[in-house]
Amino acid sequence: MTESMKHMSKNYDKRAEIMSKLVTYGSYEAHSSFEKACKMACVRCRPVNVFEQDDWGLRRKTVEMEMEKDKQRGLIPFYLHVAIGTTSTATSDHLKELTPLKEMYKVWVHVDAAYAGSAWVVEKHRRNEGIDKVDSININLHKFFLTSTSLTIFWTTRQHEYKECFRVNPAYLKKKNGGLDLRDWGIPLSRRFKSLKVYMLLRIYGLKGMRAYINRITEMTDYMESFIVKLPNIRKFGKTNYGLFCVQYYEEGWNKEQVNAATYRLVEFMNASRKIVLTHTNVRGHDIMRVIVHFERTTMKDIDESVAIFKQLLEEFTKENVENSKLIKGDKSSTRYLSNLQQMDVGIVGSPNPTLSRTPTDVRSVMSGESLVGPRTAQSHLSVAQTAATQDSTLMSVAPRTDISSITTERLPSATPPPAAAAAAIIAAAAPPASSAPPPPAPIAVAPAPPGNKMPPLAPAFEDPSSKSGGTSSYNAPASAPPTAAQPPETKPVNETYLSPVLSAPEVTARSDTMTDKK
């Protein structure tokens with residue numbers, strides 16, 4: 001090994017040693033992409049705890065304490081992730097008191113304003129004091145800025161260091177002229193031209209139009225919140241931030257586990273109705289439901305209808321809990337809770353869903369490929385019931401102008417083919433009696449093949465197991481001539497399974513020769 005190679009080897013060893021000691025810091029409520037980025041970069045991720053009295057926002061004291069502990073362990077703090085508008089509750093870390101850590105520990109301070117950053121066009125939503133002291137900011141315009149395609153705006157005050165992390169200069173990518181090269185700003189070498197869409201959006205709406213949109217959304221959310229929080233058994237969780245508020249379902253005397261289980265189940269109950277859509281999340285052990293209005297043209301009439309639906313579903317849910325009080329017992333992750341959740345009534349699956357009346361017990365959903373994925377868990381039964389309307393594997397016979405009790409279903413056979421003996425028994429059992437056999441269908445007139453075409457009709461060339469053993473196949477290959485009126489095609493029971501037509505070796509060779517001659 002030459003001296004230069006030894007020097008390079010020592011440098012890489014030193015880099016590897018430093019990389020193994022780097023630590024990032026962020027709130028437990030930060031987006032999951034923060035954790036994924038740490039995994040991709042192969043650095044340590046230190047989630048920092050947040051508390052209710054701080055509105056679930058990150059505080060300097062707790063972050064500094066974690067950094068000091070890591071320095072005593074011989075680790076190196078190098079990155080601080082500050083969230084403005086967290087995913088669960090849209091709360092914000094306390095940016096102003098966190099920015100001094102940048103100079104104290106020489107860390108890169110990044111502000112993740114993916115959702116809330118779009119609201120900064122309205123001055124009253126600029127809760128970002130200290131933003132001028134951070135190293136980088138990102139905002140996702142597709143979350144709260146009327147942009148239909150995924151798009152992120154990124155700013156940084158340290159362009160050189162940032163681009164050096166992504167810079168590559170192979171011979172086939174070298175540029176003759178200077179200028180901005182987007183391959184140095186991220187992982188992909190190129191990207192779609194999305195800036196034109198943002199330009200057109202700003203030209204159409206302008207600053208005044210975007211401010212009106214943000215204000216309208218927050219006002220509609222406040223209007224809806226004024227009704228929801230007054231409903232029985234509903235209590236607000238946290239503060240309203242950037243047009244999002246959160247609530248829980250509770251009853252007097254309930255503990256935290258019971259509130260969590262009931263809230264989680266209420267979200268599933270409402271979403272299963274197909275009348276309103278809510279999202280569930282968990283904030284440091286608290287299950288909550290998130291309510292937000294984002295449609296640009298939402299009116300107060302729409303809000304009134306949504307509140308009426310919410311109230312109706314809440315009453316039905318509360319009534320069911322009174323009748324079946326044992327459903328809400330303990331944590332939702334327990335086997336008993338999942339078993340109760342599995343049997344939760346989701347009404348008649350369809351669109352629109354007319355009522356929430358209970359579905360008869362004899363109506364069951366069958367999902368194609370069940371034998372491929374093995375036995376379902378209790379949680380997967382609920383998703384099957386919710387998506388049964390899109391499954392083509394449930395055979396339902398409904399009598400005309402009858403009530404729901406007339407609906408019956410039949411389970412499809414397993415995807416795994418049965419043994420020969422079992423298949424014969426199935427066919428024999430499914431065949432109708434001779435006396436009641438339906439008449440054969442009318443013959444189908446098929447136009448003969450053109451005279452110049454010497455190719456016989458194509459058929460799948462699967463190998464017949466019986467041909468190896470010298471036996472005869474249970475299915476006779478059709479003749480090359482098409483069926484005529486004097487020779488009607490053979491009819492078989494609906495459930496009969498058979499092997500595909502088989503071609504012998506000479507037939508395959510003859511077909512190959514014919515195709516060669518034609519070419």
# chains A, B, ... in the order shown; residues from 1 in each chain; ligands from 1

call {"tool": "select_by_dssp", "arguments": {"residues": "stretch 172-301 of chain A", "states": "strand (DSSP E)", "output": "list in words"}}
result
Ile234, Arg235, Lys236, Phe237, Gly238, Lys239, Thr240, Asn241, Leu244, Phe245, Cys246, Val247, Gln248, Tyr249, Thr279, His280, Thr281, Asn282, Val283, His286, Asp287, Ile288, Met289, Arg290, Val291 and Ile292 of chain A

call {"tool": "residues_around", "arguments": {"residues": "A:Met19", "least_positions_apart": "2", "cutoff": "12 Å", "atoms": "only C-alpha atoms", "output": "ChimeraX atom specification"}}
result
/A:12-17,21-24,38,41-44,75-78

call {"tool": "residues_around", "arguments": {"residues": "A:Lys236", "least_positions_apart": "3", "cutoff": "7 Å", "atoms": "only C-alpha atoms", "output": "PyMOL selection string"}}
result
chain A and resi 229+246-248

call {"tool": "residues_around", "arguments": {"residues": "A:Pro100", "least_positions_apart": "3", "cutoff": "12 Å", "atoms": "only C-alpha atoms", "output": "number ranges by chain"}}
result
A: 59-61, 63-64, 80, 94-97, 103-109, 130-134

call {"tool": "atom_distance", "arguments": {"atom1": "atom CA of A:Ile153", "atom2": "atom CA of A:Ile137"}}
result
8.1 Å
